[in-house]
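Text of data_6.cif, listed as mmCIF, C-alpha atoms:
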```cif
data_query
#
loop_
_atom_site.label_atom_id
_atom_site.label_comp_id
_atom_site.auth_asym_id
_atom_site.auth_seq_id
_atom_site.Cartn_x
_atom_site.Cartn_y
_atom_site.Cartn_z
CA ARG A 1 58.73 -24.37 -52.86
CA SER A 2 56.41 -21.45 -52.39
CA GLY A 3 54.01 -23.73 -50.45
CA SER A 4 56.81 -24.80 -48.10
CA ALA A 5 57.78 -21.19 -47.45
CA HIS A 6 54.16 -20.32 -46.62
CA PHE A 7 53.99 -23.27 -44.18
CA HIS A 8 57.16 -22.17 -42.38
CA GLU A 9 55.89 -18.57 -42.09
CA LYS A 10 52.60 -19.78 -40.58
CA ALA A 11 54.47 -21.99 -38.12
CA ARG A 12 56.68 -19.10 -37.02
CA ALA A 13 53.55 -16.90 -36.48
CA THR A 14 51.93 -19.64 -34.37
CA ASP A 15 55.09 -19.99 -32.26
CA THR A 16 55.21 -16.21 -31.73
CA GLU A 17 51.53 -16.13 -30.67
CA PHE A 18 52.12 -19.04 -28.27
CA VAL A 19 55.10 -17.21 -26.69
CA LEU A 20 52.97 -14.06 -26.26
CA HIS A 21 50.14 -16.02 -24.64
CA ARG A 22 52.61 -17.74 -22.32
CA GLU A 23 54.04 -14.36 -21.27
CA GLU A 24 50.51 -13.06 -20.55
CA ARG A 25 49.79 -16.16 -18.44
CA ASN A 26 53.01 -15.65 -16.50
CA GLN A 27 52.00 -12.05 -15.84
CA LEU A 28 48.59 -13.23 -14.49
CA ILE A 29 50.36 -15.74 -12.25
CA THR A 30 52.72 -13.03 -11.00
CA ALA A 31 49.78 -10.72 -10.27
CA GLY A 32 48.12 -13.51 -8.29
CA LEU A 33 45.02 -13.59 -10.49
CA ILE A 34 45.48 -17.28 -11.31
CA SER A 35 47.48 -20.08 -9.73
CA GLU A 36 50.26 -21.84 -11.52
CA SER A 37 48.48 -25.18 -11.30
CA SER A 38 45.11 -23.88 -12.40
CA GLY A 39 45.69 -24.89 -15.95
CA ALA A 40 43.83 -21.86 -17.26
CA ALA A 41 44.06 -21.32 -20.97
CA ALA A 42 46.04 -18.43 -22.34
CA VAL A 43 44.06 -15.28 -23.01
CA PRO A 44 44.16 -13.77 -26.49
CA SER A 45 45.54 -10.26 -26.57
CA ASP A 46 42.32 -8.83 -28.03
CA ALA A 47 39.93 -10.47 -25.49
CA THR A 48 38.79 -9.65 -21.95
CA MET A 49 38.58 -12.43 -19.40
CA MET A 50 37.54 -12.46 -15.75
CA VAL A 51 39.21 -15.11 -13.61
CA ILE A 52 37.73 -15.87 -10.17
CA ASP A 53 40.01 -17.61 -7.74
CA GLY A 54 38.90 -19.36 -4.57
CA GLU A 55 41.28 -17.26 -2.51
CA GLY A 56 39.68 -14.10 -3.91
CA LEU A 57 36.22 -15.21 -2.82
CA LYS A 58 37.48 -15.48 0.73
CA LEU A 59 38.31 -11.76 0.63
CA VAL A 60 34.64 -10.81 0.02
CA PRO A 61 33.04 -9.50 3.27
CA TRP A 62 30.06 -11.87 3.14
CA ASP A 63 28.80 -10.76 6.54
CA LYS A 64 28.45 -7.20 5.26
CA VAL A 65 26.84 -8.43 2.04
CA ILE A 66 24.24 -10.40 4.01
CA GLU A 67 23.68 -7.41 6.27
CA MET A 68 23.10 -5.15 3.25
CA LEU A 69 20.66 -7.64 1.72
CA GLY A 70 18.79 -7.86 5.01
CA ALA A 71 18.59 -4.07 5.20
CA ALA A 72 17.26 -3.94 1.63
CA VAL A 73 14.53 -6.47 2.47
CA VAL A 74 13.55 -4.46 5.56
CA LEU A 75 13.38 -1.26 3.50
CA PHE A 76 11.17 -3.00 0.94
CA PHE A 77 8.74 -4.18 3.61
CA GLN A 78 8.72 -0.75 5.24
CA PHE A 79 7.90 0.85 1.89
CA PHE A 80 5.13 -1.70 1.38
CA ILE A 81 3.74 -0.97 4.85
CA ILE A 82 3.76 2.77 4.12
CA VAL A 83 1.97 2.70 0.75
CA GLY A 84 0.35 -0.76 0.81
CA GLY A 85 -2.63 0.36 2.85
CA ALA A 86 -3.54 3.01 0.27
CA ILE A 87 -3.23 0.74 -2.79
CA PRO A 88 -6.69 -0.88 -2.41
CA TYR A 89 -8.36 2.52 -2.57
CA VAL A 90 -6.64 3.29 -5.85
CA PHE A 91 -8.74 0.47 -7.34
CA GLN A 92 -11.87 1.84 -5.67
CA TYR A 93 -11.09 5.36 -6.90
CA SER A 94 -10.70 4.02 -10.44
CA GLU A 95 -13.97 2.07 -10.12
CA ILE A 96 -15.91 5.16 -9.00
CA HIS A 97 -14.36 7.32 -11.71
CA HIS A 98 -15.18 4.72 -14.37
CA ARG A 99 -18.81 4.21 -13.28
CA ARG A 100 -19.34 7.91 -12.49
CA ASN A 101 -21.16 6.74 -9.36
CA ALA A 102 -20.16 6.14 -5.73
CA SER A 103 -23.23 4.24 -4.53
CA GLY A 104 -21.25 1.08 -3.77
CA PHE A 105 -18.74 2.80 -1.52
CA SER A 106 -19.51 3.61 2.12
CA LEU A 107 -18.25 6.98 3.29
CA PHE A 108 -18.07 5.57 6.81
CA VAL A 109 -15.02 3.59 5.69
CA CYS A 110 -13.33 6.96 5.21
CA LEU A 111 -14.60 8.07 8.62
CA ALA A 112 -13.20 4.98 10.35
CA LEU A 113 -9.81 5.30 8.67
CA CYS A 114 -9.54 9.05 9.26
CA VAL A 115 -10.35 8.65 12.98
CA ALA A 116 -8.01 5.67 13.34
CA ASN A 117 -5.04 7.36 11.67
CA ILE A 118 -5.49 10.70 13.40
CA LEU A 119 -5.53 8.90 16.75
CA ARG A 120 -2.53 6.81 15.74
CA ILE A 121 -0.54 9.95 14.92
CA LEU A 122 -1.46 11.39 18.32
CA PHE A 123 -0.52 8.03 19.87
CA TRP A 124 2.96 8.35 18.31
CA PHE A 125 3.60 11.56 20.28
CA GLY A 126 2.95 9.66 23.51
CA LYS A 127 4.72 6.43 22.57
CA ARG A 128 7.21 6.45 19.71
CA PHE A 129 6.49 3.34 17.65
CA ASP A 130 7.81 2.32 14.23
CA THR A 131 8.29 5.33 11.94
CA ALA A 132 6.97 3.35 8.98
CA LEU A 133 3.59 2.99 10.70
CA LEU A 134 3.54 6.74 11.34
CA ALA A 135 4.25 7.45 7.67
CA GLN A 136 1.51 4.95 6.76
CA SER A 137 -1.00 7.01 8.74
CA VAL A 138 -0.05 10.20 6.90
CA VAL A 139 -0.33 8.51 3.49
CA MET A 140 -3.67 6.96 4.43
CA LEU A 141 -5.11 10.32 5.52
CA ILE A 142 -4.15 11.82 2.15
CA MET A 143 -5.76 8.87 0.36
CA MET A 144 -8.96 9.21 2.38
CA VAL A 145 -9.26 12.89 1.47
CA CYS A 146 -8.97 11.87 -2.19
CA MET A 147 -11.68 9.23 -1.72
CA LEU A 148 -13.96 11.73 0.01
CA GLU A 149 -13.43 14.20 -2.81
CA ILE A 150 -14.46 11.86 -5.64
CA ALA A 151 -17.32 10.28 -3.64
CA VAL A 152 -18.77 13.67 -2.70
CA ARG A 153 -18.36 14.93 -6.25
CA MET A 154 -20.25 11.94 -7.68
CA ASN A 155 -22.96 12.02 -5.01
CA ARG A 156 -23.48 15.74 -5.58
CA LYS A 157 -24.14 15.19 -9.29
CA HIS A 158 -27.13 12.96 -8.55
CA THR A 159 -28.65 15.00 -5.73
CA PRO A 160 -31.04 17.92 -6.30
CA LYS A 161 -29.93 21.23 -4.85
CA SER A 162 -32.85 21.29 -2.43
CA GLN A 163 -31.70 18.00 -0.88
CA ARG A 164 -28.00 18.71 -0.60
CA ARG A 165 -26.69 18.80 2.94
CA SER A 166 -23.77 20.71 4.36
CA LEU A 167 -22.23 21.11 7.79
CA LEU A 168 -21.78 24.78 6.99
CA LYS A 169 -25.57 25.04 6.76
CA GLY A 170 -26.11 23.40 10.14
CA HIS A 171 -26.77 19.84 8.92
CA LEU A 172 -24.95 18.07 11.73
CA ARG A 173 -27.19 15.34 13.14
CA PRO A 174 -29.69 14.66 10.32
CA GLY A 175 -27.02 14.19 7.68
CA PHE A 176 -23.86 13.45 9.63
CA TRP A 177 -21.07 12.29 7.31
CA ALA A 178 -23.45 12.36 4.34
CA TRP A 179 -22.78 15.91 3.27
CA HIS A 180 -22.52 17.03 -0.32
CA ASP A 181 -19.49 19.30 -0.07
CA LEU A 182 -15.89 18.39 0.75
CA GLN A 183 -15.48 21.44 3.02
CA SER A 184 -17.90 19.92 5.56
CA PHE A 185 -15.81 16.75 5.86
CA LEU A 186 -12.55 18.67 6.16
CA LEU A 187 -14.04 20.95 8.83
CA ALA A 188 -15.27 17.97 10.86
CA LEU A 189 -11.84 16.29 10.66
CA LEU A 190 -10.12 19.53 11.66
CA VAL A 191 -12.32 19.97 14.73
CA PHE A 192 -11.78 16.34 15.72
CA THR A 193 -7.99 16.65 15.33
CA VAL A 194 -7.73 19.88 17.28
CA PHE A 195 -9.91 18.64 20.14
CA TRP A 196 -8.09 15.35 20.64
CA GLY A 197 -4.77 17.02 20.02
CA VAL A 198 -5.36 19.33 22.99
CA VAL A 199 -6.57 16.41 25.14
CA THR A 200 -3.51 14.36 24.20
CA ALA A 201 -1.15 17.23 24.96
CA ILE A 202 -2.66 17.46 28.45
CA LEU A 203 -2.85 13.72 29.21
CA THR A 204 0.33 12.50 27.51
CA PRO A 205 2.20 12.14 30.86
CA TYR A 206 -0.34 9.48 31.89
CA SER A 207 0.60 6.10 30.42
CA TRP A 208 -2.94 4.73 30.75
CA TYR A 209 -4.23 7.41 28.39
CA VAL A 210 -1.46 6.80 25.86
CA GLU A 211 -2.17 3.07 25.83
CA LEU A 212 -5.91 3.71 25.62
CA ILE A 213 -5.71 6.03 22.63
CA GLY A 214 -3.42 3.55 20.90
CA MET A 215 -5.87 0.70 21.48
CA VAL A 216 -8.84 2.79 20.29
CA SER A 217 -6.99 3.75 17.11
CA LEU A 218 -6.09 0.12 16.36
CA LEU A 219 -9.57 -1.22 17.08
CA THR A 220 -11.13 1.50 14.92
CA GLU A 221 -8.87 0.56 12.04
CA ALA A 222 -9.54 -3.13 12.62
CA THR A 223 -13.27 -2.60 12.05
CA LEU A 224 -12.88 -0.35 9.01
CA GLY A 225 -14.49 -2.96 6.76
CA MET A 226 -17.53 -3.32 9.03
CA PRO A 227 -19.51 -0.42 7.47
CA GLN A 228 -18.97 -1.96 4.03
CA LEU A 229 -20.02 -5.37 5.36
CA ILE A 230 -23.21 -3.94 6.87
CA ARG A 231 -23.95 -1.90 3.75
CA ASN A 232 -23.67 -4.99 1.56
CA CYS A 233 -26.09 -6.86 3.85
CA GLN A 234 -28.59 -4.02 3.71
CA ARG A 235 -28.40 -3.71 -0.08
CA LYS A 236 -28.19 -7.50 -0.60
CA SER A 237 -25.61 -6.66 -3.21
CA THR A 238 -21.92 -5.90 -3.70
CA GLN A 239 -22.49 -4.03 -6.96
CA GLY A 240 -20.28 -0.98 -7.25
CA MET A 241 -17.62 -2.44 -4.99
CA SER A 242 -14.15 -2.96 -6.37
CA ILE A 243 -13.27 -6.64 -5.99
CA PRO A 244 -9.53 -5.92 -6.49
CA MET A 245 -9.85 -3.49 -3.57
CA VAL A 246 -11.14 -6.25 -1.28
CA LEU A 247 -8.44 -8.65 -2.45
CA ALA A 248 -5.83 -5.97 -1.87
CA TRP A 249 -7.30 -5.46 1.61
CA LEU A 250 -6.77 -9.14 2.35
CA VAL A 251 -3.24 -9.29 0.93
CA GLY A 252 -2.28 -6.07 2.71
CA ASP A 253 -3.65 -7.28 6.04
CA LEU A 254 -1.81 -10.58 5.71
CA ALA A 255 1.44 -8.79 4.90
CA LYS A 256 0.87 -6.35 7.75
CA THR A 257 0.35 -9.23 10.18
CA GLY A 258 3.62 -10.77 9.03
CA TYR A 259 5.34 -7.42 9.53
CA PHE A 260 3.99 -7.18 13.08
CA VAL A 261 5.27 -10.66 13.84
CA ALA A 262 8.68 -10.01 12.28
CA THR A 263 9.19 -6.72 14.13
CA GLY A 264 7.90 -8.04 17.46
CA SER A 265 4.99 -5.61 17.69
CA PRO A 266 2.73 -5.79 20.78
CA LEU A 267 0.01 -8.43 20.88
CA GLN A 268 -2.84 -5.96 20.27
CA PHE A 269 -1.43 -5.25 16.79
CA TRP A 270 -1.77 -8.94 15.95
CA VAL A 271 -5.29 -9.18 17.36
CA CYS A 272 -6.49 -6.18 15.36
CA ALA A 273 -4.89 -7.58 12.21
CA ILE A 274 -6.71 -10.89 12.70
CA ILE A 275 -10.01 -9.00 13.04
CA GLN A 276 -9.31 -7.20 9.77
CA ILE A 277 -8.51 -10.44 7.97
CA SER A 278 -11.77 -12.00 9.24
CA ILE A 279 -13.85 -9.07 7.95
CA ASP A 280 -12.09 -9.24 4.57
CA ILE A 281 -12.98 -12.92 4.27
CA PHE A 282 -16.64 -12.20 5.15
CA ILE A 283 -16.83 -9.51 2.44
CA LEU A 284 -15.37 -11.92 -0.11
CA GLY A 285 -18.06 -14.38 0.97
CA GLN A 286 -20.69 -11.71 0.24
CA VAL A 287 -19.23 -11.28 -3.23
CA ILE A 288 -19.74 -15.01 -3.89
CA VAL A 289 -23.27 -15.09 -2.42
CA PHE A 290 -24.54 -11.94 -4.16
CA ARG A 291 -22.82 -12.54 -7.51
CA GLY A 292 -25.92 -13.71 -9.42
CA ARG A 293 -28.13 -11.02 -7.92
CA ASP A 294 -25.63 -8.32 -8.88
CA GLY A 295 -25.77 -9.44 -12.51
CA ALA A 296 -29.58 -9.13 -12.61
CA THR A 297 -29.50 -5.75 -10.90
CA SER A 298 -26.90 -4.48 -13.34
CA ALA A 299 -28.97 -5.58 -16.33
CA ASN A 300 -32.04 -3.72 -15.04
CA SER A 301 -30.29 -0.48 -14.12
CA THR A 302 -28.40 0.52 -17.22
CA ALA A 303 -30.77 3.35 -18.11
CA THR A 304 -30.12 5.59 -15.13
CA LEU A 305 -27.55 5.65 -12.40
CA PRO A 306 -28.77 4.73 -8.91
CA TYR A 307 -29.31 7.39 -6.34
CA THR A 308 -26.41 7.66 -3.95
CA ALA A 309 -28.06 8.93 -0.77
CA ASP A 310 -29.28 6.55 1.93
CA ASP A 311 -32.61 8.21 2.67
CA GLY A 312 -34.75 6.23 0.21
CA THR A 313 -35.26 9.22 -2.12
CA PRO A 314 -36.05 8.12 -5.69
CA PRO A 315 -33.30 8.37 -8.29
CA HIS A 316 -32.58 11.57 -10.17
CA LEU A 317 -30.71 12.48 -13.23
CA GLU A 318 -27.49 14.45 -12.89
CA CYS A 319 -28.02 17.81 -11.25
CA ASP A 320 -25.90 20.94 -11.53
#
```

Could you spell out this file's structure in structure tokens?
Amino acid sequence: RSGSAHFHEKARATDTEFVLHREERNQLITAGLISESSGAAAVPSDATMMVIDGEGLKLVPWDKVIEMLGAAVVLFFQFFIIVGGAIPYVFQYSEIHHRRNASGFSLFVCLALCVANILRILFWFGKRFDTALLAQSVVMLIMMVCMLEIAVRMNRKHTPKSQRRSLLKGHLRPGFWAWHDLQSFLLALLVFTVFWGVVTAILTPYSWYVELIGMVSLLTEATLGMPQLIRNCQRKSTQGMSIPMVLAWLVGDLAKTGYFVATGSPLQFWVCAIIQISIDIFILGQVIVFRGRDGATSANSTATLPYTADDGTPPHLECD
């Protein structure tokens, strides 16, 4: 008898739970969250359930969602354009800092990029182009100053005091852009910026000048890898170069070309990008050709660091 009573109590509890679940389902149907013919199972009172109805999906503003996703993609590419050009030099900076030597890095790369980006900023005042490209020039100038700082610091350590050159000491032509103090480089860049800034302010009303300065800036940037290419040929080696930097050059130039195409930039942007990509590929070819020779050179030069000047002076130990 006690077993029968327990069975009847359990049956009554099940019926009560069924009635409660049915009432909850009716409330969902009344609220329009589910349809009467959907056949959705009842929801337990202690559970949370999300029900998606086809009619509800039609209420989502998909055109605005797609527009927001498109804007997010554009912002990502703009951010990449702004900082992507400086990323390769982070690898080169790390390489120089690790080796405590800047012999594999050409300072004329910094010269080419500084000139190109200063002219591009001046070009923006005459013809307002994409703001992301303007911001890229500012970031690149900051990166180049950092590269000049570490390269000059490392070169100075391996150069005797009697052979150190400085623009402040009148070493303009004999040792142009091979000085041993950062102040000389900053002074030269300041003079260049002020001079061409005044010229641009005077000639901005003339469209031919604006287009000319823009073309010069782009062509200068397009050939930024040429000093490194020539230096590698002269040294018959790519030792000291950061391979990730060259790969990042290539990836960045490919992405930049795609950005120019997507934004409908003028044809000269595409041409300059193609020149950059070609130079990157040539430098990668040098890495392959000189790979064995670099290994032999590295094995024979572990005792002392190579001299960093380009005047053929024999190597020296670190100098104060």

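For the atom pair formed by atom CA of Ser162 of chain A and atom CA of Ser103 of chain A, the distance is 19.7 Å, given to one decimal.
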
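With atom CA of Gly225 of chain A on one side and atom CA of Met144 of chain A on the other, the separation reads 14.1 Å.
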
Please evaluate the PyMOL selection byres ((chain A and resi 114-125) around 6) against the displayed coordinates and give the resulting residues as a PyMOL selection string. chain A and resi 110-113+126-128+137+141+214+217+220-221

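One distance worth recording is that between atom CA of Pro244 of chain A and atom CA of Cys272 of chain A, which is 22.1 Å.
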
Could you list, with a cut-off of 12 Å and counting all atoms listed in the file, the residues of segment 201-268 of chain A near segment 72-75 of chain A, each shown with its nearest atom pair and the distance in Å rounded to one decimal, rows sorted by chain and ascending number, as a tab-separated table?
```
residue	atom	partner	partner_atom	distance
A:Tyr259	CA	A:Val74	CA	9.6
A:Ala262	CA	A:Val74	CA	10.0
A:Thr263	CA	A:Val74	CA	9.9
```

Could you tell me which residues the PyMOL selection byres ((chain A and resi 166) around 7) grabs in this file, written as a list in words? Arg164, Arg165, Leu167, Leu168, Lys169, Gly170, His171, Trp179, His180, Asp181 and Ser184 of chain A

Apply the PyMOL selection byres ((chain A and resi 88-95) around 8) to the file shown and report the selected residues as a ChimeraX atom specification. /A:84-87,96-99,143,147,150,240-242,244-249

Quick one: what's the axis-aligned box for segment 100-110 of chain A, all listed atoms, 8 Å on every side, centre and edges in Å to one decimal, as JSON?
```
{"center_x": -18.3, "center_y": 4.5, "center_z": -2.8, "size_x": 25.9, "size_y": 22.8, "size_z": 35.3}
```
